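Structure below is model_8.cif: mmCIF, C-alpha atoms.
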data_upload
loop_
_atom_site.group_PDB
_atom_site.id
_atom_site.type_symbol
_atom_site.label_atom_id
_atom_site.label_comp_id
_atom_site.auth_asym_id
_atom_site.auth_seq_id
_atom_site.Cartn_x
_atom_site.Cartn_y
_atom_site.Cartn_z
ATOM 1 C CA MET A 10 -5.946 22.688 -32.518
ATOM 2 C CA GLN A 11 -4.561 19.212 -33.241
ATOM 3 C CA ASP A 12 -1.045 20.480 -32.429
ATOM 4 C CA ASN A 13 -2.255 21.649 -29.029
ATOM 5 C CA ALA A 14 -3.839 18.283 -28.288
ATOM 6 C CA GLU A 15 -0.643 16.490 -29.283
ATOM 7 C CA LYS A 16 1.489 18.823 -27.171
ATOM 8 C CA LYS A 17 -0.817 18.270 -24.204
ATOM 9 C CA GLN A 18 -0.701 14.513 -24.646
ATOM 10 C CA LYS A 19 3.122 14.604 -24.822
ATOM 11 C CA LYS A 20 3.291 16.732 -21.675
ATOM 12 C CA GLU A 21 0.959 14.366 -19.797
ATOM 13 C CA LYS A 22 2.986 11.354 -20.893
ATOM 14 C CA SER A 23 6.235 12.999 -19.883
ATOM 15 C CA VAL A 24 4.947 13.746 -16.356
ATOM 16 C CA LEU A 25 4.331 10.029 -15.795
ATOM 17 C CA ASP A 26 7.629 9.082 -17.459
ATOM 18 C CA ASP A 27 9.464 11.658 -15.337
ATOM 19 C CA ILE A 28 7.985 10.293 -12.114
ATOM 20 C CA LEU A 29 8.817 6.691 -12.979
ATOM 21 C CA GLY A 30 12.297 7.596 -14.278
ATOM 22 C CA ASN A 31 12.974 9.653 -11.174
ATOM 23 C CA ALA A 32 11.890 6.805 -8.891
ATOM 24 C CA ILE A 33 14.245 4.389 -10.667
ATOM 25 C CA SER A 34 17.255 6.709 -10.725
ATOM 26 C CA SER A 35 16.921 8.225 -7.254
ATOM 27 C CA THR A 36 16.082 5.148 -5.180
ATOM 28 C CA LYS A 37 19.095 3.774 -3.332
ATOM 29 C CA LYS A 38 19.608 0.133 -4.251
ATOM 30 C CA HIS A 39 20.486 -2.315 -1.506
ATOM 31 C CA GLU A 40 22.062 -5.682 -2.048
ATOM 32 C CA GLU A 41 19.456 -8.436 -1.915
ATOM 33 C CA THR A 42 19.833 -11.544 0.209
ATOM 34 C CA ASN A 43 18.859 -14.830 -1.387
ATOM 35 C CA ALA A 44 17.006 -17.619 0.380
ATOM 36 C CA GLY A 45 19.355 -20.176 1.902
ATOM 37 C CA LEU A 46 20.698 -22.031 4.923
ATOM 38 C CA GLU A 47 23.753 -21.413 7.032
ATOM 39 C CA THR A 48 25.196 -22.979 10.150
ATOM 40 C CA LYS A 49 27.131 -21.388 12.944
ATOM 41 C CA LYS A 50 30.515 -23.098 13.044
ATOM 42 C CA CYS A 51 33.118 -22.978 15.837
ATOM 43 C CA LYS A 52 36.141 -20.883 14.844
ATOM 44 C CA SER A 53 38.414 -23.165 16.830
ATOM 45 C CA CYS A 54 37.425 -26.743 15.872
ATOM 46 C CA GLY A 55 35.052 -26.130 12.955
ATOM 47 C CA ALA A 56 32.181 -28.111 14.524
ATOM 48 C CA ALA A 57 28.634 -27.109 13.633
ATOM 49 C CA ARG A 58 26.195 -26.241 16.404
ATOM 50 C CA PRO A 59 24.186 -29.361 17.354
ATOM 51 C CA SER A 60 20.533 -29.302 18.421
ATOM 52 C CA ASP A 61 19.676 -28.281 22.021
ATOM 53 C CA THR A 62 22.881 -26.338 22.571
ATOM 54 C CA ASP A 63 23.243 -22.623 23.096
ATOM 55 C CA LEU A 64 25.082 -20.094 21.030
ATOM 56 C CA LYS A 65 27.563 -19.226 23.779
ATOM 57 C CA TYR A 66 30.098 -22.092 23.757
ATOM 58 C CA CYS A 67 30.993 -24.829 21.268
ATOM 59 C CA ASP A 68 29.564 -28.153 22.441
ATOM 60 C CA PHE A 69 32.697 -30.001 21.331
ATOM 61 C CA CYS A 70 35.728 -27.904 22.350
ATOM 62 C CA GLU A 71 33.986 -25.375 24.666
ATOM 63 C CA ASN A 72 35.483 -22.483 22.731
ATOM 64 C CA GLN A 73 33.424 -19.298 22.923
ATOM 65 C CA PHE A 74 31.284 -18.762 19.803
ATOM 66 C CA TYR A 75 31.226 -14.952 20.106
ATOM 67 C CA MET B 19 -21.557 36.499 -16.265
ATOM 68 C CA SER B 20 -24.979 34.820 -16.168
ATOM 69 C CA PHE B 21 -25.837 31.900 -13.880
ATOM 70 C CA THR B 22 -26.018 29.469 -16.821
ATOM 71 C CA ALA B 23 -22.672 30.582 -18.239
ATOM 72 C CA THR B 24 -21.047 30.250 -14.790
ATOM 73 C CA GLN B 25 -22.644 26.864 -14.298
ATOM 74 C CA ASN B 26 -21.369 25.678 -17.703
ATOM 75 C CA ARG B 27 -17.827 26.797 -16.944
ATOM 76 C CA TRP B 28 -17.939 25.103 -13.519
ATOM 77 C CA ASP B 29 -19.250 21.853 -15.064
ATOM 78 C CA THR B 30 -16.572 21.928 -17.787
ATOM 79 C CA PHE B 31 -13.879 22.496 -15.179
ATOM 80 C CA LEU B 32 -15.095 19.543 -13.083
ATOM 81 C CA THR B 33 -15.265 17.265 -16.132
ATOM 82 C CA LYS B 34 -11.697 18.208 -17.099
ATOM 83 C CA ILE B 35 -10.417 17.418 -13.612
ATOM 84 C CA GLU B 36 -12.185 14.066 -13.626
ATOM 85 C CA ASP B 37 -10.901 13.148 -17.107
ATOM 86 C CA ARG B 38 -7.335 14.136 -16.272
ATOM 87 C CA PHE B 39 -7.479 12.158 -13.019
ATOM 88 C CA HIS B 40 -8.603 8.973 -14.779
ATOM 89 C CA ASP B 41 -6.101 9.495 -17.566
ATOM 90 C CA VAL B 42 -3.149 9.692 -15.154
ATOM 91 C CA LEU B 43 -4.304 6.863 -12.921
ATOM 92 C CA SER B 44 -5.235 4.427 -15.691
ATOM 93 C CA LYS B 45 -1.790 4.918 -17.273
ATOM 94 C CA THR B 46 -0.219 4.418 -13.862
ATOM 95 C CA GLU B 47 -2.168 1.219 -13.331
ATOM 96 C CA ALA B 48 -0.684 -0.110 -16.558
ATOM 97 C CA ALA B 49 2.863 1.166 -15.987
ATOM 98 C CA LEU B 50 3.580 0.373 -12.330
ATOM 99 C CA PRO B 51 3.337 -3.446 -12.626
ATOM 100 C CA LEU B 52 5.878 -3.253 -15.478
ATOM 101 C CA LEU B 53 8.178 -1.160 -13.296
ATOM 102 C CA PHE B 54 7.826 -3.681 -10.464
ATOM 103 C CA GLU B 55 8.811 -6.572 -12.716
ATOM 104 C CA ALA B 56 11.599 -4.607 -14.413
ATOM 105 C CA THR B 57 13.196 -3.859 -11.024
ATOM 106 C CA ASP B 58 12.876 -7.520 -9.961
ATOM 107 C CA PHE B 59 10.144 -6.752 -7.388
ATOM 108 C CA GLU B 60 12.047 -3.937 -5.720
ATOM 109 C CA THR B 61 9.519 -2.438 -3.331
ATOM 110 C CA THR B 62 11.230 0.876 -2.466
ATOM 111 C CA THR B 63 11.331 2.046 -6.093
ATOM 112 C CA PHE B 64 7.708 0.978 -6.455
ATOM 113 C CA HIS B 65 6.729 2.963 -3.340
ATOM 114 C CA ASN B 66 8.619 6.059 -4.506
ATOM 115 C CA ALA B 67 7.024 5.927 -7.955
ATOM 116 C CA TRP B 68 3.542 5.600 -6.437
ATOM 117 C CA GLN B 69 4.231 8.462 -4.030
ATOM 118 C CA GLY B 70 5.013 10.725 -7.013
ATOM 119 C CA ILE B 71 1.791 9.751 -8.770
ATOM 120 C CA TYR B 72 -0.222 10.032 -5.553
ATOM 121 C CA THR B 73 1.024 13.581 -4.985
ATOM 122 C CA GLN B 74 0.081 14.572 -8.549
ATOM 123 C CA ALA B 75 -3.392 13.052 -8.169
ATOM 124 C CA SER B 76 -3.960 14.650 -4.742
ATOM 125 C CA ASP B 77 -2.914 18.054 -6.083
ATOM 126 C CA LEU B 78 -5.401 17.618 -8.912
ATOM 127 C CA ILE B 79 -8.222 16.724 -6.506
ATOM 128 C CA SER B 80 -7.460 19.655 -4.218
ATOM 129 C CA LYS B 81 -7.829 22.030 -7.183
ATOM 130 C CA ILE B 82 -11.592 21.474 -6.952
ATOM 131 C CA ASP B 83 -12.212 23.191 -3.626
ATOM 132 C CA SER B 84 -9.396 25.713 -4.033
ATOM 133 C CA THR B 85 -10.901 26.831 -7.368
ATOM 134 C CA TRP B 86 -14.386 26.938 -5.847
ATOM 135 C CA PHE B 87 -13.317 29.102 -2.915
ATOM 136 C CA ASP B 88 -10.899 31.284 -4.926
ATOM 137 C CA LYS B 89 -13.071 32.038 -7.960
ATOM 138 C CA VAL B 90 -16.264 30.090 -8.578
ATOM 139 C CA GLU B 91 -18.128 30.830 -5.353
ATOM 140 C CA GLU B 92 -17.795 34.559 -5.859
ATOM 141 C CA THR B 93 -18.821 34.337 -9.513
ATOM 142 C CA PHE B 94 -22.017 32.492 -8.545
ATOM 143 C CA LEU B 95 -22.761 35.047 -5.828
ATOM 144 C CA ASP B 96 -22.315 37.813 -8.424
ATOM 145 C CA THR B 97 -25.229 36.274 -10.337
ATOM 146 C CA HIS B 98 -27.419 37.369 -7.384
ATOM 147 C CA LEU B 99 -27.678 33.914 -5.836
ATOM 148 C CA ASP B 100 -27.901 33.757 -2.051
ATOM 149 C CA ASP B 101 -25.265 31.619 -0.384
ATOM 150 C CA ASP B 102 -27.993 29.568 1.358
ATOM 151 C CA SER B 103 -30.136 29.095 -1.752
ATOM 152 C CA VAL B 104 -30.816 25.586 -3.071
ATOM 153 C CA GLN B 105 -29.124 26.378 -6.405
ATOM 154 C CA PHE B 106 -25.965 27.712 -4.780
ATOM 155 C CA ILE B 107 -25.658 24.754 -2.376
ATOM 156 C CA LYS B 108 -26.248 22.339 -5.267
ATOM 157 C CA GLU B 109 -23.387 23.882 -7.283
ATOM 158 C CA ARG B 110 -21.061 23.900 -4.260
ATOM 159 C CA ASN B 111 -21.889 20.279 -3.407
ATOM 160 C CA LYS B 112 -21.156 19.181 -6.992
ATOM 161 C CA GLY B 113 -17.535 20.056 -6.315
ATOM 162 C CA PHE B 114 -17.444 18.501 -2.840
ATOM 163 C CA GLN B 115 -19.068 15.332 -4.190
ATOM 164 C CA LEU B 116 -16.558 14.989 -7.029
ATOM 165 C CA GLN B 117 -13.692 15.646 -4.643
ATOM 166 C CA HIS B 118 -14.937 12.867 -2.367
ATOM 167 C CA ASP B 119 -15.531 10.481 -5.293
ATOM 168 C CA LEU B 120 -12.016 11.043 -6.615
ATOM 169 C CA ASP B 121 -10.506 10.577 -3.151
ATOM 170 C CA GLN B 122 -12.330 7.244 -2.931
ATOM 171 C CA GLU B 123 -11.164 6.279 -6.411
ATOM 172 C CA LEU B 124 -7.587 7.237 -5.604
ATOM 173 C CA LYS B 125 -7.721 4.910 -2.601
ATOM 174 C CA SER B 126 -9.192 2.151 -4.816
ATOM 175 C CA TYR B 127 -6.479 2.637 -7.454
ATOM 176 C CA GLU B 128 -3.817 2.515 -4.733
ATOM 177 C CA VAL B 129 -5.199 -0.668 -3.205
ATOM 178 C CA ARG B 130 -5.600 -2.344 -6.613
ATOM 179 C CA ILE B 131 -2.118 -1.427 -7.840
ATOM 180 C CA PHE B 132 -0.428 -2.512 -4.597
ATOM 181 C CA SER B 133 -2.404 -5.739 -4.187
ATOM 182 C CA GLU B 134 -1.682 -6.834 -7.767
ATOM 183 C CA ALA B 135 2.032 -6.261 -7.134
ATOM 184 C CA ALA B 136 1.761 -8.084 -3.793
ATOM 185 C CA LYS B 137 0.161 -11.126 -5.458
ATOM 186 C CA LYS B 138 2.995 -11.339 -7.993
ATOM 187 C CA LEU B 139 5.561 -11.062 -5.215
ATOM 188 C CA LEU B 140 3.807 -13.752 -3.169
ATOM 189 C CA VAL B 141 3.775 -16.199 -6.120
ATOM 190 C CA THR B 142 7.496 -15.633 -6.732
ATOM 191 C CA VAL B 143 8.361 -16.099 -3.057
ATOM 192 C CA LYS B 144 6.264 -19.264 -2.697
ATOM 193 C CA GLU B 145 8.057 -20.686 -5.746
ATOM 194 C CA THR B 146 11.417 -19.954 -4.114
ATOM 195 C CA LEU B 147 10.375 -21.467 -0.786
ATOM 196 C CA SER B 148 9.059 -24.615 -2.469
ATOM 197 C CA LYS B 149 12.543 -25.436 -3.804
ATOM 198 C CA ASP B 150 14.769 -27.987 -2.075
ATOM 199 C CA PHE B 151 17.017 -26.731 0.710
ATOM 200 C CA SER B 152 19.730 -28.932 2.220
ATOM 201 C CA CYS B 153 21.460 -29.112 5.593
ATOM 202 C CA THR B 154 24.821 -27.338 5.399
ATOM 203 C CA GLN B 155 26.564 -30.256 7.172
ATOM 204 C CA CYS B 156 25.122 -33.491 5.769
ATOM 205 C CA GLN B 157 23.217 -32.197 2.709
ATOM 206 C CA ALA B 158 20.019 -33.967 3.792
ATOM 207 C CA LYS B 159 16.828 -32.272 2.608
ATOM 208 C CA LEU B 160 15.543 -29.744 5.116
ATOM 209 C CA PRO B 161 11.853 -28.790 5.000
ATOM 210 C CA VAL B 162 11.129 -25.041 4.807
ATOM 211 C CA LYS B 163 7.928 -23.263 5.908
ATOM 212 C CA ASN B 164 6.076 -21.504 3.089
ATOM 213 C CA ASN B 165 4.087 -19.142 5.309
ATOM 214 C CA PHE B 166 6.799 -17.692 7.526
ATOM 215 C CA PHE B 167 8.932 -14.933 6.066
ATOM 216 C CA ARG B 168 11.587 -14.275 8.694
ATOM 217 C CA SER B 169 14.813 -16.009 9.591
ATOM 218 C CA TYR B 170 14.499 -19.049 11.882
ATOM 219 C CA TYR B 171 16.406 -22.083 13.200
ATOM 220 C CA SER B 172 15.782 -25.463 11.631
ATOM 221 C CA THR B 173 17.345 -28.657 13.019
ATOM 222 C CA CYS B 174 18.408 -31.394 10.619
ATOM 223 C CA ASP B 175 16.637 -34.668 11.458
ATOM 224 C CA TYR B 176 19.647 -36.707 10.329
ATOM 225 C CA CYS B 177 22.725 -35.023 11.847
ATOM 226 C CA GLN B 178 21.003 -32.774 14.449
ATOM 227 C CA THR B 179 22.870 -29.692 13.225
ATOM 228 C CA VAL B 180 21.115 -26.396 13.818
ATOM 229 C CA ASN B 181 20.739 -24.571 10.503
ATOM 230 C CA THR B 182 19.619 -20.956 10.201
ATOM 231 C CA PHE B 183 17.165 -20.452 7.380
ATOM 232 C CA GLU B 184 17.270 -17.038 5.747
ATOM 233 C CA PRO B 185 14.190 -16.579 3.500
ATOM 234 C CA GLY B 186 15.819 -13.742 1.508
ATOM 235 C CA THR B 187 14.900 -10.127 0.809
ATOM 236 C CA LYS B 188 11.900 -10.879 -1.424
ATOM 237 C CA ALA B 189 10.334 -13.145 1.202
ATOM 238 C CA ARG B 190 10.941 -10.577 3.931
ATOM 239 C CA ASN B 191 9.095 -8.078 1.738
ATOM 240 C CA ILE B 192 5.960 -10.217 2.055
ATOM 241 C CA GLU B 193 5.789 -8.998 5.614
ATOM 242 C CA HIS B 194 6.919 -5.421 4.929
ATOM 243 C CA PHE B 195 4.942 -4.869 1.741
ATOM 244 C CA ALA B 196 2.590 -7.628 0.583
ATOM 245 C CA ILE B 197 0.455 -8.470 3.606
ATOM 246 C CA ASN B 198 -0.495 -4.848 4.115
ATOM 247 C CA ALA B 199 -1.519 -4.520 0.454
ATOM 248 C CA LEU B 200 -3.539 -7.758 0.500
ATOM 249 C CA GLY B 201 -5.182 -6.839 3.808
ATOM 250 C CA GLU B 202 -6.188 -3.466 2.375
ATOM 251 C CA GLU B 203 -7.630 -5.189 -0.692
ATOM 252 C CA ALA B 204 -9.751 -7.545 1.427
ATOM 253 C CA ALA B 205 -11.016 -4.671 3.597
ATOM 254 C CA LEU B 206 -11.425 -1.993 0.916
ATOM 255 C CA GLU B 207 -15.230 -2.014 0.728
ATOM 256 C CA HIS B 208 -15.478 -1.398 4.493
ATOM 257 C CA TYR B 209 -12.959 1.429 4.331
ATOM 258 C CA LEU B 210 -14.814 3.129 1.456
ATOM 259 C CA LYS B 211 -18.106 2.773 3.354
ATOM 260 C CA TYR B 212 -16.514 4.363 6.441
ATOM 261 C CA GLU B 213 -15.294 7.328 4.371
ATOM 262 C CA GLN B 214 -18.727 7.552 2.754
ATOM 263 C CA LEU B 215 -20.438 7.874 6.163
ATOM 264 C CA LYS B 216 -17.977 10.566 7.249
ATOM 265 C CA PHE B 217 -18.586 12.443 4.016
ATOM 266 C CA GLN B 218 -22.360 12.419 4.545
ATOM 267 C CA ASN B 219 -21.805 14.096 7.925
ATOM 268 C CA TYR B 220 -19.544 16.671 6.290
ATOM 269 C CA LEU B 221 -21.952 17.368 3.427
ATOM 270 C CA LYS B 222 -24.991 17.771 5.689
ATOM 271 C CA ASP B 223 -22.893 19.624 8.290
ATOM 272 C CA ARG B 224 -24.376 17.518 11.092
ATOM 273 C CA ASP B 225 -23.961 14.016 12.549
ATOM 274 C CA VAL B 226 -26.207 11.999 10.227
ATOM 275 C CA PHE B 227 -24.115 9.048 11.428
ATOM 276 C CA GLY B 228 -23.072 9.086 15.065
ATOM 277 C CA LYS B 229 -19.723 8.131 16.525
ATOM 278 C CA ASP B 230 -20.901 4.568 17.335
ATOM 279 C CA GLU B 231 -21.881 3.935 13.720
ATOM 280 C CA LEU B 232 -18.562 5.283 12.498
ATOM 281 C CA VAL B 233 -16.602 3.205 15.018
ATOM 282 C CA ASN B 234 -18.536 0.039 14.066
ATOM 283 C CA GLN B 235 -17.870 0.595 10.397
ATOM 284 C CA TYR B 236 -14.168 1.266 11.044
ATOM 285 C CA ARG B 237 -14.003 -1.906 13.170
ATOM 286 C CA LYS B 238 -15.301 -3.953 10.203
ATOM 287 C CA TYR B 239 -12.469 -2.528 8.097
ATOM 288 C CA ILE B 240 -9.777 -3.285 10.689
ATOM 289 C CA GLU B 241 -11.104 -6.774 11.511
ATOM 290 C CA THR B 242 -11.184 -7.782 7.839
ATOM 291 C CA PHE B 243 -7.702 -6.325 7.324
ATOM 292 C CA LEU B 244 -6.218 -8.201 10.300
ATOM 293 C CA LYS B 245 -7.941 -11.501 9.448
ATOM 294 C CA LYS B 246 -6.531 -11.386 5.918
ATOM 295 C CA ARG B 247 -3.055 -10.900 7.379
ATOM 296 C CA ILE B 248 -3.552 -13.989 9.550
ATOM 297 C CA GLU B 249 -4.636 -15.967 6.476
ATOM 298 C CA ILE B 250 -1.248 -15.241 4.892
ATOM 299 C CA ILE B 251 0.907 -15.374 8.053
ATOM 300 C CA PRO B 252 -0.860 -17.500 10.729
ATOM 301 C CA ASP B 253 1.709 -16.348 13.299
ATOM 302 C CA TYR B 254 -0.208 -13.041 13.548
ATOM 303 C CA GLN B 255 -3.136 -14.818 15.247
ATOM 304 C CA ASP B 256 -1.399 -14.520 18.633
ATOM 305 C CA ARG B 257 -1.402 -10.710 18.491
ATOM 306 C CA TYR B 258 -4.822 -10.201 16.895
ATOM 307 C CA GLU B 259 -6.509 -8.595 19.925
ATOM 308 C CA LYS B 260 -3.521 -6.370 20.622
ATOM 309 C CA ASP B 261 -3.382 -5.193 16.983
ATOM 310 C CA LEU B 262 -7.155 -4.616 16.905
ATOM 311 C CA THR B 263 -7.046 -2.479 20.059
ATOM 312 C CA ALA B 264 -4.075 -0.473 18.789
ATOM 313 C CA LYS B 265 -5.635 0.213 15.395
ATOM 314 C CA MET B 266 -9.062 1.044 16.840
ATOM 315 C CA SER B 267 -7.567 3.493 19.307
ATOM 316 C CA LEU B 268 -6.754 5.740 16.365
ATOM 317 C CA ILE B 269 -10.399 6.652 15.938
ATOM 318 C CA ILE B 270 -11.749 5.888 19.414
ATOM 319 C CA ASP B 271 -9.205 8.039 21.219
ATOM 320 C CA TYR B 272 -8.246 10.607 18.602
ATOM 321 C CA SER B 273 -11.326 11.467 16.548
#
Would you write the structure of this file as structure tokens?
Amino acid sequence: MQDNAEKKQKKEKSVLDDILGNAISSTKKHEETNAGLETKKCKSCGAARPSDTDLKYCDFCENQFY
Amino acid sequence: MSFTATQNRWDTFLTKIEDRFHDVLSKTEAALPLLFEATDFETTTFHNAWQGIYTQASDLISKIDSTWFDKVEETFLDTHLDDDSVQFIKERNKGFQLQHDLDQELKSYEVRIFSEAAKKLLVTVKETLSKDFSCTQCQAKLPVKNNFFRSYYSTCDYCQTVNTFEPGTKARNIEHFAINALGEEAALEHYLKYEQLKFQNYLKDRDVFGKDELVNQYRKYIETFLKKRIEIIPDYQDRYEKDLTAKMSLIIDYS
């Protein structure tokens, strides 16, 4: 009787463990991005984009950003 | 089998289902937060783990009516009960009532487990966003919003350089994961009430509560949910009416 109860308890525990283990092992991990700042810089002259300018041309050398 | 013997077996079966349900869910409630922390707040693993548990719990709940219709109903009828007698309906409704109660509890467990995880994630993200961030050109301190969780431009006051602030994956998950969970937590009582009204109609097999009452109750749930989202991300205020209409159309147009 006690054996049966123990077996049942083990089985119930293993169902939960299986689900959690399965979730950890089968979920595809993606690389995380950290919080931070970056600035778009011109490939030609290295200038950063100043305020009130667009992303099309560099404000300093007029080189195309993209 | 006599009526009393059948009734005893039915009661024992229902008690076992209820005990097993609480056993699984209480263990889950203890284990899932640990999993969330162990995976460094990785929301996909958390979702997948919950989906596994949810399926197990739903299968358990559905055993109540499948067992009633497959075996128990017939056994009661064999005891010479009529299928419209008070005793028969009482036994049948015991099962329906437990099924409904467990469905409601499953929803409550889900909301509790997700909202607790969401709160932990929110604290971690706010800590990150309260750190100092500097302009990439002149290194001057650049203020960062603590209630906006997407990428945005920020101009340095000193050198006028346009910086792009990336809040990071965890912060982005506030929008994809946390606000929904916290909105559901704020609105849970209204949702449970709505399901309760629907269940009364089902149990009595007539419209005890009309469509207007159901729609009003559902509206309370949606309004509370959306207002909680705005509390966390004020930017959502601009689309409140649009979101309300879209979410209400689910029951106004399709139920």
Q: Counting all atoms listed in the file, find the residues whose atoms lie at most 9 Å from (18.3, -28.9, 18.8) (file coordinates) and write them out as a ChimeraX atom specification.
A: /A:58-62 /B:172-174,178-180
Q: Could you check which of B:Phe94, B:Trp68, B:Tyr239, B:Tyr212 is closest to Phe54 (chain B), using only C-alpha atoms?
A: B:Trp68
Q: Kindly resolve the PyMOL selection byres ((chain A) within 9 of (chain B)) on the present coordinates and return the residues as a PyMOL selection string.
A: chain A and resi 21-22+25+28-38+40-49+57-62
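Restricting the calculation to all atoms listed in the file, the smallest distance between Lys52 (chain A) and any of A:Asn13, A:Asn72, A:Val24, A:His39 is found for A:Asn72.
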Q: Go through the shown structure with the PyMOL selection byres ((chain B and resi 247) around 12) and write out the matching residues as a VMD selection string.
A: chain B and resid 165 to 166 192 to 205 240 to 246 248 to 258 261
Q. So which residues touch Gln235 (chain B) within 9 Å, counting all atoms listed in the file, skipping near sequence neighbours fewer than 2 positions away, as a PyMOL selection string?
A. chain B and resi 208-209+211-212+215+230-233+237-240
(Q) Report, in Å to a single decimal, how far apart CA of Val226 (chain B) and CA of Asp29 (chain B) are. (A)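 CA of Val226 (chain B) lies at a distance of 28.0 Å from CA of Asp29 (chain B).
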Could N, CA and C atoms be built for region 29-47 of chain A and written out as a PDB file, in the coordinates of the input?
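Writing the result to result.pdb gives the following:
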ATOM      1  N   LEU A  29       8.296   8.057 -13.008  1.00  0.00           N
ATOM      2  CA  LEU A  29       8.817   6.691 -12.979  1.00  0.00           C
ATOM      3  C   LEU A  29      10.344   6.678 -13.124  1.00  0.00           C
ATOM      4  N   GLY A  30      10.843   7.508 -14.064  1.00  0.00           N
ATOM      5  CA  GLY A  30      12.297   7.596 -14.278  1.00  0.00           C
ATOM      6  C   GLY A  30      13.006   8.090 -13.027  1.00  0.00           C
ATOM      7  N   ASN A  31      12.404   9.076 -12.393  1.00  0.00           N
ATOM      8  CA  ASN A  31      12.974   9.653 -11.174  1.00  0.00           C
ATOM      9  C   ASN A  31      13.023   8.608 -10.053  1.00  0.00           C
ATOM     10  N   ALA A  32      11.946   7.836  -9.945  1.00  0.00           N
ATOM     11  CA  ALA A  32      11.890   6.805  -8.891  1.00  0.00           C
ATOM     12  C   ALA A  32      12.991   5.767  -9.103  1.00  0.00           C
ATOM     13  N   ILE A  33      13.215   5.400 -10.381  1.00  0.00           N
ATOM     14  CA  ILE A  33      14.245   4.389 -10.667  1.00  0.00           C
ATOM     15  C   ILE A  33      15.649   4.944 -10.378  1.00  0.00           C
ATOM     16  N   SER A  34      15.887   6.186 -10.857  1.00  0.00           N
ATOM     17  CA  SER A  34      17.255   6.709 -10.725  1.00  0.00           C
ATOM     18  C   SER A  34      17.591   7.190  -9.313  1.00  0.00           C
ATOM     19  N   SER A  35      16.594   7.619  -8.556  1.00  0.00           N
ATOM     20  CA  SER A  35      16.921   8.225  -7.254  1.00  0.00           C
ATOM     21  C   SER A  35      16.788   7.264  -6.063  1.00  0.00           C
ATOM     22  N   THR A  36      16.234   6.077  -6.302  1.00  0.00           N
ATOM     23  CA  THR A  36      16.082   5.148  -5.180  1.00  0.00           C
ATOM     24  C   THR A  36      17.390   4.406  -4.927  1.00  0.00           C
ATOM     25  N   LYS A  37      17.839   4.455  -3.687  1.00  0.00           N
ATOM     26  CA  LYS A  37      19.095   3.774  -3.332  1.00  0.00           C
ATOM     27  C   LYS A  37      18.878   2.256  -3.391  1.00  0.00           C
ATOM     28  N   LYS A  38      19.754   1.591  -4.122  1.00  0.00           N
ATOM     29  CA  LYS A  38      19.608   0.133  -4.251  1.00  0.00           C
ATOM     30  C   LYS A  38      20.431  -0.569  -3.164  1.00  0.00           C
ATOM     31  N   HIS A  39      19.787  -1.527  -2.523  1.00  0.00           N
ATOM     32  CA  HIS A  39      20.486  -2.315  -1.506  1.00  0.00           C
ATOM     33  C   HIS A  39      20.704  -3.722  -2.038  1.00  0.00           C
ATOM     34  N   GLU A  40      21.783  -4.330  -1.583  1.00  0.00           N
ATOM     35  CA  GLU A  40      22.062  -5.682  -2.048  1.00  0.00           C
ATOM     36  C   GLU A  40      21.005  -6.632  -1.501  1.00  0.00           C
ATOM     37  N   GLU A  41      20.494  -7.499  -2.362  1.00  0.00           N
ATOM     38  CA  GLU A  41      19.456  -8.436  -1.915  1.00  0.00           C
ATOM     39  C   GLU A  41      20.063  -9.718  -1.356  1.00  0.00           C
ATOM     40  N   THR A  42      19.406 -10.259  -0.342  1.00  0.00           N
ATOM     41  CA  THR A  42      19.833 -11.544   0.209  1.00  0.00           C
ATOM     42  C   THR A  42      18.990 -12.639  -0.435  1.00  0.00           C
ATOM     43  N   ASN A  43      19.624 -13.717  -0.817  1.00  0.00           N
ATOM     44  CA  ASN A  43      18.859 -14.830  -1.387  1.00  0.00           C
ATOM     45  C   ASN A  43      18.440 -15.810  -0.289  1.00  0.00           C
ATOM     46  N   ALA A  44      17.439 -16.613  -0.581  1.00  0.00           N
ATOM     47  CA  ALA A  44      17.006 -17.619   0.380  1.00  0.00           C
ATOM     48  C   ALA A  44      18.084 -18.695   0.513  1.00  0.00           C
ATOM     49  N   GLY A  45      18.346 -19.138   1.726  1.00  0.00           N
ATOM     50  CA  GLY A  45      19.355 -20.176   1.902  1.00  0.00           C
ATOM     51  C   GLY A  45      19.563 -20.558   3.351  1.00  0.00           C
ATOM     52  N   LEU A  46      20.428 -21.543   3.565  1.00  0.00           N
ATOM     53  CA  LEU A  46      20.698 -22.031   4.923  1.00  0.00           C
ATOM     54  C   LEU A  46      22.153 -21.768   5.294  1.00  0.00           C
ATOM     55  N   GLU A  47      22.382 -21.521   6.557  1.00  0.00           N
ATOM     56  CA  GLU A  47      23.753 -21.413   7.032  1.00  0.00           C
ATOM     57  C   GLU A  47      23.829 -22.018   8.435  1.00  0.00           C
TER      58      GLU A  47
END
